[in-house]
>>> print(open('my_file_1.pdb').read())   # PDB, C-alpha atoms
ATOM      1  CA  MET A  84      86.620  82.015 -24.796
ATOM      2  CA  HIS A  85      85.983  79.963 -21.640
ATOM      3  CA  ALA A  86      89.044  78.079 -20.373
ATOM      4  CA  VAL A  87      87.386  74.679 -20.753
ATOM      5  CA  THR A  88      86.224  75.519 -24.253
ATOM      6  CA  GLU A  89      89.747  76.600 -25.134
ATOM      7  CA  PHE A  90      91.504  73.422 -24.087
ATOM      8  CA  ILE A  91      88.791  71.198 -25.562
ATOM      9  CA  ALA A  92      88.854  73.067 -28.864
ATOM     10  CA  ALA A  93      92.646  72.853 -28.970
ATOM     11  CA  GLY A  94      92.793  69.163 -28.110
ATOM     12  CA  GLU A  95      93.554  66.503 -30.690
ATOM     13  CA  PRO A  96      92.044  64.267 -31.702
ATOM     14  CA  TRP A  97      88.705  66.102 -31.070
ATOM     15  CA  ARG A  98      85.696  64.102 -32.181
ATOM     16  CA  LYS A  99      82.941  66.180 -33.789
ATOM     17  CA  SER A 100      80.350  63.477 -33.250
ATOM     18  CA  ALA A 101      78.055  63.747 -30.244
ATOM     19  CA  MET A 102      79.778  62.852 -26.983
ATOM     20  CA  ASN A 103      78.495  59.904 -24.963
ATOM     21  CA  LEU A 104      76.921  61.246 -21.786
ATOM     22  CA  ASP A 105      77.759  57.991 -20.000
ATOM     23  CA  LEU A 106      81.442  58.895 -20.267
ATOM     24  CA  PHE A 107      80.860  62.218 -18.535
ATOM     25  CA  ASP A 108      78.700  60.479 -15.959
ATOM     26  CA  ALA A 109      81.575  58.105 -15.181
ATOM     27  CA  PHE A 110      84.026  61.011 -14.988
ATOM     28  CA  ARG A 111      81.714  62.873 -12.619
ATOM     29  CA  ALA A 112      81.291  59.821 -10.383
ATOM     30  CA  VAL A 113      85.081  59.328 -10.151
ATOM     31  CA  MET A 114      85.605  62.987  -9.279
ATOM     32  CA  GLN A 115      82.911  62.854  -6.608
ATOM     33  CA  THR A 116      83.934  59.561  -4.990
ATOM     34  CA  GLY A 117      87.711  59.830  -5.437
ATOM     35  CA  THR A 118      88.301  56.293  -6.725
ATOM     36  CA  ILE A 119      87.369  54.202  -9.731
ATOM     37  CA  SER A 120      86.075  51.360  -7.607
ATOM     38  CA  ALA A 121      83.765  53.630  -5.597
ATOM     39  CA  ALA A 122      82.536  55.212  -8.809
ATOM     40  CA  GLY A 123      81.796  51.726 -10.156
ATOM     41  CA  ASP A 124      79.644  51.009  -7.105
ATOM     42  CA  VAL A 125      77.675  54.231  -7.686
ATOM     43  CA  LEU A 126      77.219  53.524 -11.383
ATOM     44  CA  GLY A 127      76.617  49.803 -11.064
ATOM     45  CA  ARG A 128      79.602  49.030 -13.294
ATOM     46  CA  SER A 129      82.793  47.070 -12.807
ATOM     47  CA  GLN A 130      86.061  48.832 -12.041
ATOM     48  CA  PRO A 131      87.609  47.831 -15.412
ATOM     49  CA  ALA A 132      84.515  49.163 -17.223
ATOM     50  CA  VAL A 133      84.775  52.570 -15.493
ATOM     51  CA  SER A 134      88.504  52.692 -16.208
ATOM     52  CA  ARG A 135      87.868  52.044 -19.908
ATOM     53  CA  MET A 136      85.244  54.813 -19.931
ATOM     54  CA  LEU A 137      87.746  57.293 -18.517
ATOM     55  CA  ASP A 138      90.315  56.257 -21.121
ATOM     56  CA  ARG A 139      87.716  56.723 -23.843
ATOM     57  CA  LEU A 140      86.733  60.184 -22.553
ATOM     58  CA  GLU A 141      90.345  61.320 -22.480
ATOM     59  CA  TYR A 142      90.772  60.056 -26.037
ATOM     60  CA  GLU A 143      87.583  61.735 -27.246
ATOM     61  CA  LEU A 144      88.557  65.063 -25.661
ATOM     62  CA  GLY A 145      92.249  64.820 -26.398
ATOM     63  CA  ILE A 146      92.922  65.873 -22.790
ATOM     64  CA  LYS A 147      94.673  64.149 -19.909
ATOM     65  CA  LEU A 148      92.232  64.129 -17.033
ATOM     66  CA  PHE A 149      94.005  61.908 -14.492
ATOM     67  CA  ASP A 150      97.529  61.036 -13.438
ATOM     68  CA  ARG A 151      97.843  57.324 -12.593
ATOM     69  CA  ARG A 152     100.231  56.757  -9.659
ATOM     70  CA  LYS A 153     100.643  53.367  -8.003
ATOM     71  CA  GLY A 154      97.002  52.369  -8.300
ATOM     72  CA  ARG A 155      95.722  55.854  -7.494
ATOM     73  CA  ILE A 156      94.256  58.445  -9.835
ATOM     74  CA  ILE A 157      94.998  62.126  -9.352
ATOM     75  CA  PRO A 158      92.739  64.633 -11.172
ATOM     76  CA  THR A 159      94.577  67.155 -13.322
ATOM     77  CA  ALA A 160      93.816  70.879 -13.314
ATOM     78  CA  GLU A 161      91.881  70.354 -16.530
ATOM     79  CA  ALA A 162      89.742  67.710 -14.807
ATOM     80  CA  HIS A 163      88.680  70.201 -12.125
ATOM     81  CA  LEU A 164      87.786  72.774 -14.760
ATOM     82  CA  LEU A 165      85.829  70.203 -16.713
ATOM     83  CA  LEU A 166      83.963  69.079 -13.584
ATOM     84  CA  ASP A 167      82.483  72.571 -13.138
ATOM     85  CA  GLU A 168      81.054  72.434 -16.652
ATOM     86  CA  VAL A 169      79.857  68.841 -16.306
ATOM     87  CA  ASP A 170      78.076  69.619 -13.027
ATOM     88  CA  ARG A 171      76.251  72.519 -14.636
ATOM     89  CA  ALA A 172      75.310  70.379 -17.624
ATOM     90  CA  PHE A 173      73.948  67.522 -15.501
ATOM     91  CA  THR A 174      71.991  69.977 -13.358
ATOM     92  CA  SER A 175      70.403  71.366 -16.521
ATOM     93  CA  LEU A 176      69.700  67.860 -17.792
ATOM     94  CA  GLY A 177      68.042  67.038 -14.500
ATOM     95  CA  SER A 178      65.805  70.092 -14.807
ATOM     96  CA  LEU A 179      65.033  69.165 -18.411
ATOM     97  CA  ASN A 180      64.101  65.633 -17.428
ATOM     98  CA  ASP A 181      61.866  66.903 -14.637
ATOM     99  CA  PHE A 182      60.183  69.334 -17.023
ATOM    100  CA  ALA A 183      59.618  66.550 -19.572
ATOM    101  CA  LYS A 184      57.946  64.415 -16.911
ATOM    102  CA  ARG A 185      55.660  67.270 -15.886
ATOM    103  CA  LEU A 186      54.906  67.999 -19.535
ATOM    104  CA  HIS A 187      53.973  64.345 -20.106
ATOM    105  CA  SER A 188      51.698  64.333 -17.063
ATOM    106  CA  GLY A 189      49.940  67.496 -18.205
ATOM    107  CA  GLU A 190      51.224  69.620 -15.329
ATOM    108  CA  VAL A 191      52.832  72.132 -17.703
ATOM    109  CA  ARG A 192      50.660  73.979 -20.208
ATOM    110  CA  ARG A 193      51.151  77.052 -22.380
ATOM    111  CA  LEU A 194      49.069  79.994 -23.550
ATOM    112  CA  SER A 195      50.303  82.623 -25.976
ATOM    113  CA  PHE A 196      48.520  85.697 -27.237
ATOM    114  CA  ALA A 197      49.141  89.099 -28.813
ATOM    115  CA  VAL A 198      47.434  92.290 -27.704
ATOM    116  CA  LEU A 199      47.428  95.960 -28.634
ATOM    117  CA  PRO A 200      49.073  98.416 -26.169
ATOM    118  CA  ALA A 201      45.775  99.915 -24.935
ATOM    119  CA  LEU A 202      44.950  96.566 -23.293
ATOM    120  CA  GLY A 203      48.478  95.253 -22.819
ATOM    121  CA  THR A 204      49.354  96.871 -19.489
ATOM    122  CA  THR A 205      46.933  97.367 -16.594
ATOM    123  CA  PHE A 206      44.020  95.470 -18.135
ATOM    124  CA  MET A 207      46.065  92.374 -18.979
ATOM    125  CA  ALA A 208      47.952  92.477 -15.682
ATOM    126  CA  ASP A 209      44.635  92.243 -13.812
ATOM    127  CA  ILE A 210      43.408  89.437 -16.069
ATOM    128  CA  LEU A 211      46.614  87.452 -15.647
ATOM    129  CA  ALA A 212      46.491  87.804 -11.867
ATOM    130  CA  ARG A 213      43.032  86.236 -11.804
ATOM    131  CA  PHE A 214      43.919  83.655 -14.430
ATOM    132  CA  TYR A 215      46.940  82.440 -12.447
ATOM    133  CA  ALA A 216      44.812  82.011  -9.354
ATOM    134  CA  HIS A 217      43.098  79.158 -11.232
ATOM    135  CA  HIS A 218      45.981  78.014 -13.463
ATOM    136  CA  PRO A 219      49.238  78.465 -11.520
ATOM    137  CA  ASN A 220      51.298  76.089 -13.698
ATOM    138  CA  VAL A 221      50.516  77.615 -17.083
ATOM    139  CA  ARG A 222      53.280  79.311 -19.020
ATOM    140  CA  VAL A 223      51.988  82.506 -20.632
ATOM    141  CA  ALA A 224      53.621  84.424 -23.478
ATOM    142  CA  MET A 225      52.089  87.884 -23.960
ATOM    143  CA  HIS A 226      53.171  89.920 -26.990
ATOM    144  CA  VAL A 227      52.220  93.607 -26.823
ATOM    145  CA  SER A 228      52.346  95.306 -30.226
ATOM    146  CA  MET A 229      50.412  97.485 -32.641
ATOM    147  CA  SER A 230      47.202  96.050 -34.070
ATOM    148  CA  THR A 231      48.747  95.354 -37.472
ATOM    149  CA  SER A 232      51.448  93.250 -35.806
ATOM    150  CA  VAL A 233      48.819  91.425 -33.759
ATOM    151  CA  GLU A 234      47.038  90.561 -37.004
ATOM    152  CA  HIS A 235      50.257  89.132 -38.432
ATOM    153  CA  SER A 236      50.916  87.028 -35.331
ATOM    154  CA  VAL A 237      47.468  85.457 -35.474
ATOM    155  CA  ALA A 238      47.444  84.990 -39.246
ATOM    156  CA  THR A 239      50.781  83.174 -39.129
ATOM    157  CA  ARG A 240      49.693  81.072 -36.127
ATOM    158  CA  GLN A 241      52.421  82.390 -33.838
ATOM    159  CA  VAL A 242      49.885  82.834 -31.023
ATOM    160  CA  ASP A 243      46.724  81.156 -29.797
ATOM    161  CA  PHE A 244      44.673  84.338 -30.138
ATOM    162  CA  GLY A 245      44.974  88.083 -30.510
ATOM    163  CA  LEU A 246      43.163  91.232 -29.419
ATOM    164  CA  ALA A 247      43.377  94.151 -31.840
ATOM    165  CA  GLU A 248      41.417  97.144 -33.062
ATOM    166  CA  THR A 249      39.179  96.807 -36.101
ATOM    167  CA  PRO A 250      38.984  97.110 -39.060
ATOM    168  CA  PHE A 251      41.501  94.469 -40.101
ATOM    169  CA  THR A 252      43.513  94.277 -43.291
ATOM    170  CA  ARG A 253      43.697  90.465 -43.316
ATOM    171  CA  THR A 254      40.992  87.815 -43.504
ATOM    172  CA  SER A 255      42.994  84.704 -42.622
ATOM    173  CA  PHE A 256      41.565  84.327 -39.120
ATOM    174  CA  GLU A 257      38.255  84.106 -37.294
ATOM    175  CA  THR A 258      37.037  87.184 -35.415
ATOM    176  CA  GLN A 259      34.561  87.941 -32.678
ATOM    177  CA  LEU A 260      33.789  91.441 -31.415
ATOM    178  CA  PHE A 261      35.096  91.840 -27.876
ATOM    179  CA  ILE A 262      34.736  95.583 -27.165
ATOM    180  CA  ASP A 263      32.307  98.016 -28.800
ATOM    181  CA  SER A 264      32.842 101.339 -27.088
ATOM    182  CA  GLU A 265      34.036 104.862 -27.914
ATOM    183  CA  TYR A 266      37.002 107.174 -27.562
ATOM    184  CA  LEU A 267      36.935 109.988 -25.009
ATOM    185  CA  ALA A 268      38.424 113.459 -24.814
ATOM    186  CA  ILE A 269      40.987 113.948 -22.063
ATOM    187  CA  LEU A 270      42.084 117.342 -20.745
ATOM    188  CA  PRO A 271      43.572 119.083 -17.684
ATOM    189  CA  PRO A 272      41.006 119.858 -14.933
ATOM    190  CA  GLY A 273      41.438 123.630 -15.156
ATOM    191  CA  HIS A 274      40.864 123.798 -18.882
ATOM    192  CA  PRO A 275      37.819 125.847 -20.025
ATOM    193  CA  LEU A 276      36.458 122.852 -21.974
ATOM    194  CA  ALA A 277      36.259 120.886 -18.724
ATOM    195  CA  LYS A 278      33.038 122.800 -18.016
ATOM    196  CA  LYS A 279      31.381 121.100 -20.975
ATOM    197  CA  SER A 280      29.814 117.630 -20.816
ATOM    198  CA  VAL A 281      30.582 116.869 -24.460
ATOM    199  CA  VAL A 282      33.563 118.009 -26.539
ATOM    200  CA  GLY A 283      33.388 118.196 -30.335
ATOM    201  CA  PRO A 284      35.630 118.960 -33.320
ATOM    202  CA  THR A 285      34.927 122.701 -33.318
ATOM    203  CA  ASP A 286      35.951 122.866 -29.655
ATOM    204  CA  LEU A 287      39.333 121.413 -30.547
ATOM    205  CA  ALA A 288      39.985 123.497 -33.653
ATOM    206  CA  SER A 289      41.997 126.121 -31.765
ATOM    207  CA  GLU A 290      43.529 123.805 -29.173
ATOM    208  CA  ASN A 291      46.887 122.068 -28.957
ATOM    209  CA  ILE A 292      46.258 118.402 -29.697
ATOM    210  CA  VAL A 293      48.278 115.554 -28.241
ATOM    211  CA  GLY A 294      47.410 113.068 -30.933
ATOM    212  CA  TRP A 295      47.994 109.671 -32.407
ATOM    213  CA  SER A 296      50.752 109.140 -34.937
ATOM    214  CA  PRO A 297      49.624 108.414 -38.534
ATOM    215  CA  ILE A 298      50.404 104.683 -38.200
ATOM    216  CA  VAL A 299      47.540 104.279 -35.697
ATOM    217  CA  ALA A 300      44.185 103.562 -37.351
ATOM    218  CA  VAL A 301      42.187 105.851 -35.068
ATOM    219  CA  ARG A 302      44.286 108.837 -36.174
ATOM    220  CA  ARG A 303      42.872 108.591 -39.688
ATOM    221  CA  ARG A 304      39.316 108.302 -38.391
ATOM    222  CA  PHE A 305      39.845 111.240 -36.039
ATOM    223  CA  ASP A 306      41.176 113.361 -38.904
ATOM    224  CA  ASP A 307      38.142 112.445 -41.031
ATOM    225  CA  VAL A 308      35.789 113.580 -38.264
ATOM    226  CA  MET A 309      37.675 116.861 -37.816
ATOM    227  CA  TYR A 310      37.797 117.575 -41.558
ATOM    228  CA  GLY A 311      34.099 116.748 -41.849
ATOM    229  CA  GLN A 312      33.318 119.713 -39.602
ATOM    230  CA  SER A 313      36.015 121.964 -41.092
ATOM    231  CA  ALA A 314      37.970 121.783 -37.839
ATOM    232  CA  ILE A 315      41.419 121.467 -39.360
ATOM    233  CA  THR A 316      44.156 120.876 -36.794
ATOM    234  CA  THR A 317      47.603 119.340 -36.655
ATOM    235  CA  PRO A 318      48.745 117.579 -33.447
ATOM    236  CA  ALA A 319      51.418 119.486 -31.565
ATOM    237  CA  ILE A 320      52.737 116.128 -30.295
ATOM    238  CA  GLU A 321      52.191 112.696 -31.817
ATOM    239  CA  THR A 322      52.590 109.276 -30.225
ATOM    240  CA  ASN A 323      51.442 105.711 -30.841
ATOM    241  CA  PHE A 324      50.880 104.863 -27.143
ATOM    242  CA  SER A 325      47.719 105.870 -25.329
ATOM    243  CA  SER A 326      49.376 106.027 -21.903
ATOM    244  CA  SER A 327      51.820 108.585 -23.284
ATOM    245  CA  ILE A 328      48.903 110.821 -24.270
ATOM    246  CA  CYS A 329      47.691 110.788 -20.669
ATOM    247  CA  GLU A 330      51.084 111.782 -19.315
ATOM    248  CA  LEU A 331      51.438 114.587 -21.838
ATOM    249  CA  VAL A 332      47.970 115.963 -21.066
ATOM    250  CA  LYS A 333      48.745 115.887 -17.336
ATOM    251  CA  ARG A 334      51.617 118.235 -18.042
ATOM    252  CA  GLY A 335      49.360 120.716 -19.791
ATOM    253  CA  LEU A 336      50.707 120.058 -23.284
ATOM    254  CA  GLY A 337      47.315 119.736 -24.941
ATOM    255  CA  ILE A 338      44.065 117.786 -25.221
ATOM    256  CA  GLY A 339      43.986 114.146 -26.204
ATOM    257  CA  ILE A 340      41.633 111.437 -27.409
ATOM    258  CA  ILE A 341      41.969 108.073 -25.630
ATOM    259  CA  ASP A 342      40.140 104.785 -25.229
ATOM    260  CA  PRO A 343      38.139 104.025 -22.041
ATOM    261  CA  PHE A 344      40.567 101.339 -20.820
ATOM    262  CA  THR A 345      43.511 103.708 -20.895
ATOM    263  CA  ALA A 346      41.300 106.315 -19.240
ATOM    264  CA  TYR A 347      40.467 103.879 -16.450
ATOM    265  CA  ALA A 348      44.084 102.825 -15.942
ATOM    266  CA  ASN A 349      45.323 106.432 -15.814
ATOM    267  CA  HIS A 350      42.494 107.995 -13.827
ATOM    268  CA  SER A 351      43.698 110.743 -11.497
ATOM    269  CA  SER A 352      42.766 114.216 -10.299
ATOM    270  CA  GLU A 353      45.112 115.579 -12.964
ATOM    271  CA  LEU A 354      42.854 114.429 -15.799
ATOM    272  CA  VAL A 355      39.269 115.110 -16.817
ATOM    273  CA  LEU A 356      37.316 112.891 -19.224
ATOM    274  CA  ARG A 357      34.559 114.089 -21.500
ATOM    275  CA  ARG A 358      32.542 112.399 -24.196
ATOM    276  CA  PHE A 359      33.624 113.170 -27.730
ATOM    277  CA  SER A 360      30.947 113.763 -30.364
ATOM    278  CA  PRO A 361      30.466 112.604 -33.063
ATOM    279  CA  ARG A 362      31.107 109.149 -31.685
ATOM    280  CA  LEU A 363      34.563 107.800 -32.500
ATOM    281  CA  ALA A 364      34.235 104.031 -32.213
ATOM    282  CA  PHE A 365      36.677 101.947 -30.184
ATOM    283  CA  ARG A 366      36.148  98.373 -31.351
ATOM    284  CA  ILE A 367      38.371  95.453 -30.363
ATOM    285  CA  ALA A 368      37.963  91.933 -31.707
ATOM    286  CA  VAL A 369      39.309  88.575 -30.630
ATOM    287  CA  MET A 370      41.136  86.879 -33.493
ATOM    288  CA  LYS A 371      41.888  83.172 -33.660
ATOM    289  CA  PRO A 372      43.607  81.164 -36.410
ATOM    290  CA  ILE A 373      41.160  79.543 -38.813
ATOM    291  CA  ASP A 374      40.333  75.920 -37.920
ATOM    292  CA  ALA A 375      42.370  76.157 -34.697
ATOM    293  CA  GLU A 376      41.955  73.331 -32.208
ATOM    294  CA  PRO A 377      39.801  74.155 -29.145
ATOM    295  CA  HIS A 378      41.953  75.760 -26.455
ATOM    296  CA  PRO A 379      40.291  75.561 -22.998
ATOM    297  CA  LEU A 380      42.953  77.810 -21.451
ATOM    298  CA  ALA A 381      42.273  80.538 -23.999
ATOM    299  CA  ASP A 382      38.553  80.226 -23.346
ATOM    300  CA  ASP A 383      39.072  80.551 -19.587
ATOM    301  CA  PHE A 384      41.330  83.550 -20.080
ATOM    302  CA  LEU A 385      38.829  85.322 -22.336
ATOM    303  CA  ASN A 386      35.967  84.594 -19.943
ATOM    304  CA  ILE A 387      37.877  86.391 -17.197
ATOM    305  CA  ALA A 388      38.716  89.200 -19.607
ATOM    306  CA  THR A 389      35.028  89.571 -20.504
ATOM    307  CA  LEU A 390      34.039  90.068 -16.879
ATOM    308  CA  GLU A 391      36.789  92.646 -16.352
ATOM    309  CA  ARG A 392      35.835  94.405 -19.600
ATOM    310  CA  ASP A 393      32.240  94.822 -18.412
ATOM    311  CA  ARG A 394      33.341  96.062 -15.000
ATOM    312  CA  ILE A 395      35.668  98.719 -16.420
ATOM    313  CA  LEU A 396      33.171 100.005 -18.978
ATOM    314  CA  GLY A 397      30.584 100.216 -16.212
ATOM    315  CA  VAL A 398      32.905 102.278 -14.055
ATOM    316  CA  VAL A 399      33.916 104.635 -16.859
ATOM    317  CA  PHE A 400      30.506 105.277 -18.440
ATOM    318  CA  HIS A 401      28.036 104.722 -15.612
ATOM    319  CA  ASN A 402      29.846 105.632 -12.427
ATOM    320  CA  GLY A 403      32.175 108.121 -14.090
ATOM    321  CA  VAL A 404      35.921 108.355 -13.472
ATOM    322  CA  GLY A 405      36.114 112.117 -13.883
ATOM    323  CA  ASP A 406      34.485 114.827 -11.778
ATOM    324  CA  ARG A 407      31.075 113.984 -13.262
ATOM    325  CA  LYS A 408      29.383 110.996 -14.866
ATOM    326  CA  LEU A 409      30.029 110.473 -18.554
TER     327      LEU A 409
END
>>> encode(input="my_file_1.pdb", output="structure tokens")
Amino acid sequence: MHAVTEFIAAGEPWRKSAMNLDLFDAFRAVMQTGTISAAGDVLGRSQPAVSRMLDRLEYELGIKLFDRRKGRIIPTAEAHLLLDEVDRAFTSLGSLNDFAKRLHSGEVRRLSFAVLPALGTTFMADILARFYAHHPNVRVAMHVSMSTSVEHSVATRQVDFGLAETPFTRTSFETQLFIDSEYLAILPPGHPLAKKSVVGPTDLASENIVGWSPIVAVRRRFDDVMYGQSAITTPAIETNFSSSICELVKRGLGIGIIDPFTAYANHSSELVLRRFSPRLAFRIAVMKPIDAEPHPLADDFLNIATLERDRILGVVFHNGVGDRKL
């Protein structure tokens, strides 16, 4: 326990009611100026009034703060310890007061959202950099979690909006399709399948798969596609993070299926992208609480995100991020 907390807690009589900040203010002024009269001048109070405030503080705390000697006051060791705590408290109060003023004037605003991991790293970092160029005083809270958790955050109004993969299990929010794209096959550049322009289930039947864990929705859809063509396979390694799949494929541990945004963020000469057929949809929707008030900051953020979305999809599917166009 902190020394000041110890002697305050041990003091009697300790008052459990809220302490009067004016008493601490008077104590602080006396400690800073060295005399009661000088403290009175700073506080705009009479000397007797300041003296009574010190007496009251000592009574409330049950601690002797000053020795009175021939008209002089000498701070005790406890007074010096208390001053450190009081200074920190008044500094915090000053910051709080300044924040409240800026909040009242509209200088401080807040935006909170939840997003799935595929978009929660590089993509969102780029969006936030551009967003802050226009809104430098906004406080942003970004929650990166699995799509089911994003749904919960939006449904319970913990965030202003969410970005998650469809389909959803809840209906207690409004949705708007944000991304309608497809998953891609990812493999090492020297792999025989890298010679093909399109990779399918039968190509993967005899390969090591670095796959999604069962809790990820796309895993179930991928399995359905594989079973539909009698290409039964079990992932050698499972993970619920798309970036992890890229790193594992780079190390030659298998072939993976990833979304185009993760492919863009992890593009390197150590990876080759190929279309996967039949098409495995990658659909992301914006979710907002039902009947939510208009949120201009959220609208601005999503407008920037829309432009970046279009740019990335153009690079991946039209310019190509592998050794050939997709």
>>> atom_distance(input="my_file_1.pdb", atom1="CA of Gly337 in chain A", atom2="CA of His274 in chain A")
9.7 Å
>>> atom_distance(input="my_file_1.pdb", atom1="CA of Arg151 in chain A", atom2="CA of Leu137 in chain A")
11.7 Å
>>> residues_around(input="my_file_1.pdb", residues="range 105-116 of chain A", least_positions_apart="2", cutoff="10 Å", atoms="only C-alpha atoms", output="ChimeraX atom specification")
/A:102-103,118-126,128,132-141,143,148-149,156-158,162-163,165-167,169-170,172-173
>>> closest_residue(input="my_file_1.pdb", among="A:Arg240, A:Arg362, A:Arg334, A:Arg222", to="Arg304 in chain A", atoms="all atoms listed in the file")
A:Arg362
>>> closest_residue(input="my_file_1.pdb", among="A:Ala268, A:Met225, A:Ile338, A:Ala247", to="Met370 in chain A", atoms="all atoms listed in the file")
A:Ala247
>>> closest_residue(input="my_file_1.pdb", among="A:Thr285, A:Ser351, A:Gln241, A:Ser232", to="Ile269 in chain A", atoms="all atoms listed in the file")
A:Ser351
>>> atom_distance(input="my_file_1.pdb", atom1="CA of Pro297 in chain A", atom2="CA of Leu260 in chain A")
24.3 Å
>>> resolve_selection(input="my_file_1.pdb", expression="the PyMOL selection byres ((chain A and resi 242) around 12)", output="PyMOL selection string")
chain A and resi 193-198+223-227+232-241+243-246+256+370-372+375+378+381
>>> resolve_selection(input="my_file_1.pdb", expression="the PyMOL selection byres ((chain A and resi 324) around 8)", output="PyMOL selection string")
chain A and resi 200-201+295+322-323+325-328
>>> resolve_selection(input="my_file_1.pdb", expression="the PyMOL selection byres ((chain A and resi 389-404) around 12)", output="ChimeraX atom specification")
/A:202,205-214,260-267,269,280,342-358,365,367-369,382-388,405-409
>>> write_last_selection(input="my_file_1.pdb", atoms="C-alpha atoms", output="short mmCIF file (atom, residue, chain, number, x, y, z; two decimals), in the frame of the given file")
data_model
loop_
_atom_site.label_atom_id
_atom_site.label_comp_id
_atom_site.auth_asym_id
_atom_site.auth_seq_id
_atom_site.Cartn_x
_atom_site.Cartn_y
_atom_site.Cartn_z
CA LEU A 202 44.95 96.57 -23.29
CA THR A 205 46.93 97.37 -16.59
CA PHE A 206 44.02 95.47 -18.14
CA MET A 207 46.06 92.37 -18.98
CA ALA A 208 47.95 92.48 -15.68
CA ASP A 209 44.64 92.24 -13.81
CA ILE A 210 43.41 89.44 -16.07
CA LEU A 211 46.61 87.45 -15.65
CA ALA A 212 46.49 87.80 -11.87
CA ARG A 213 43.03 86.24 -11.80
CA PHE A 214 43.92 83.66 -14.43
CA LEU A 260 33.79 91.44 -31.42
CA PHE A 261 35.10 91.84 -27.88
CA ILE A 262 34.74 95.58 -27.16
CA ASP A 263 32.31 98.02 -28.80
CA SER A 264 32.84 101.34 -27.09
CA GLU A 265 34.04 104.86 -27.91
CA TYR A 266 37.00 107.17 -27.56
CA LEU A 267 36.94 109.99 -25.01
CA ILE A 269 40.99 113.95 -22.06
CA SER A 280 29.81 117.63 -20.82
CA ASP A 342 40.14 104.78 -25.23
CA PRO A 343 38.14 104.02 -22.04
CA PHE A 344 40.57 101.34 -20.82
CA THR A 345 43.51 103.71 -20.90
CA ALA A 346 41.30 106.32 -19.24
CA TYR A 347 40.47 103.88 -16.45
CA ALA A 348 44.08 102.82 -15.94
CA ASN A 349 45.32 106.43 -15.81
CA HIS A 350 42.49 108.00 -13.83
CA SER A 351 43.70 110.74 -11.50
CA SER A 352 42.77 114.22 -10.30
CA GLU A 353 45.11 115.58 -12.96
CA LEU A 354 42.85 114.43 -15.80
CA VAL A 355 39.27 115.11 -16.82
CA LEU A 356 37.32 112.89 -19.22
CA ARG A 357 34.56 114.09 -21.50
CA ARG A 358 32.54 112.40 -24.20
CA PHE A 365 36.68 101.95 -30.18
CA ILE A 367 38.37 95.45 -30.36
CA ALA A 368 37.96 91.93 -31.71
CA VAL A 369 39.31 88.58 -30.63
CA ASP A 382 38.55 80.23 -23.35
CA ASP A 383 39.07 80.55 -19.59
CA PHE A 384 41.33 83.55 -20.08
CA LEU A 385 38.83 85.32 -22.34
CA ASN A 386 35.97 84.59 -19.94
CA ILE A 387 37.88 86.39 -17.20
CA ALA A 388 38.72 89.20 -19.61
CA GLY A 405 36.11 112.12 -13.88
CA ASP A 406 34.48 114.83 -11.78
CA ARG A 407 31.08 113.98 -13.26
CA LYS A 408 29.38 111.00 -14.87
CA LEU A 409 30.03 110.47 -18.55
#
>>> closest_residue(input="my_file_1.pdb", among="A:Gly294, A:Pro271, A:Pro250, A:Gly283", to="Ala364 in chain A", atoms="all atoms listed in the file")
A:Pro250
>>> build_atoms(input="my_file_1.pdb", residues="range 284-294 of chain A", atoms="N, CA and C atoms", output="mmCIF file, keeping the file's coordinate frame")
data_model
loop_
_atom_site.group_PDB
_atom_site.id
_atom_site.type_symbol
_atom_site.label_atom_id
_atom_site.label_comp_id
_atom_site.auth_asym_id
_atom_site.auth_seq_id
_atom_site.Cartn_x
_atom_site.Cartn_y
_atom_site.Cartn_z
ATOM 1 N N PRO A 284 34.548 118.488 -32.448
ATOM 2 C CA PRO A 284 35.630 118.960 -33.320
ATOM 3 C C PRO A 284 35.834 120.466 -33.290
ATOM 4 N N THR A 285 34.752 121.246 -33.303
ATOM 5 C CA THR A 285 34.927 122.701 -33.318
ATOM 6 C C THR A 285 35.543 123.204 -32.024
ATOM 7 N N ASP A 286 35.319 122.486 -30.925
ATOM 8 C CA ASP A 286 35.951 122.866 -29.655
ATOM 9 C C ASP A 286 37.464 122.701 -29.714
ATOM 10 N N LEU A 287 37.899 121.732 -30.500
ATOM 11 C CA LEU A 287 39.333 121.413 -30.547
ATOM 12 C C LEU A 287 40.086 122.171 -31.631
ATOM 13 N N ALA A 288 39.354 122.876 -32.488
ATOM 14 C CA ALA A 288 39.985 123.497 -33.653
ATOM 15 C C ALA A 288 41.114 124.448 -33.280
ATOM 16 N N SER A 289 40.980 125.142 -32.162
ATOM 17 C CA SER A 289 41.997 126.121 -31.765
ATOM 18 C C SER A 289 42.868 125.639 -30.609
ATOM 19 N N GLU A 290 42.787 124.353 -30.315
ATOM 20 C CA GLU A 290 43.529 123.805 -29.173
ATOM 21 C C GLU A 290 44.777 123.051 -29.630
ATOM 22 N N ASN A 291 45.753 122.960 -28.724
ATOM 23 C CA ASN A 291 46.887 122.068 -28.957
ATOM 24 C C ASN A 291 46.405 120.630 -28.778
ATOM 25 N N ILE A 292 46.694 119.800 -29.756
ATOM 26 C CA ILE A 292 46.258 118.402 -29.697
ATOM 27 C C ILE A 292 47.462 117.505 -29.443
ATOM 28 N N VAL A 293 47.322 116.638 -28.442
ATOM 29 C CA VAL A 293 48.278 115.554 -28.241
ATOM 30 C C VAL A 293 47.648 114.351 -28.919
ATOM 31 N N GLY A 294 48.124 114.029 -30.106
ATOM 32 C CA GLY A 294 47.410 113.068 -30.933
ATOM 33 C C GLY A 294 48.157 111.791 -31.248
#
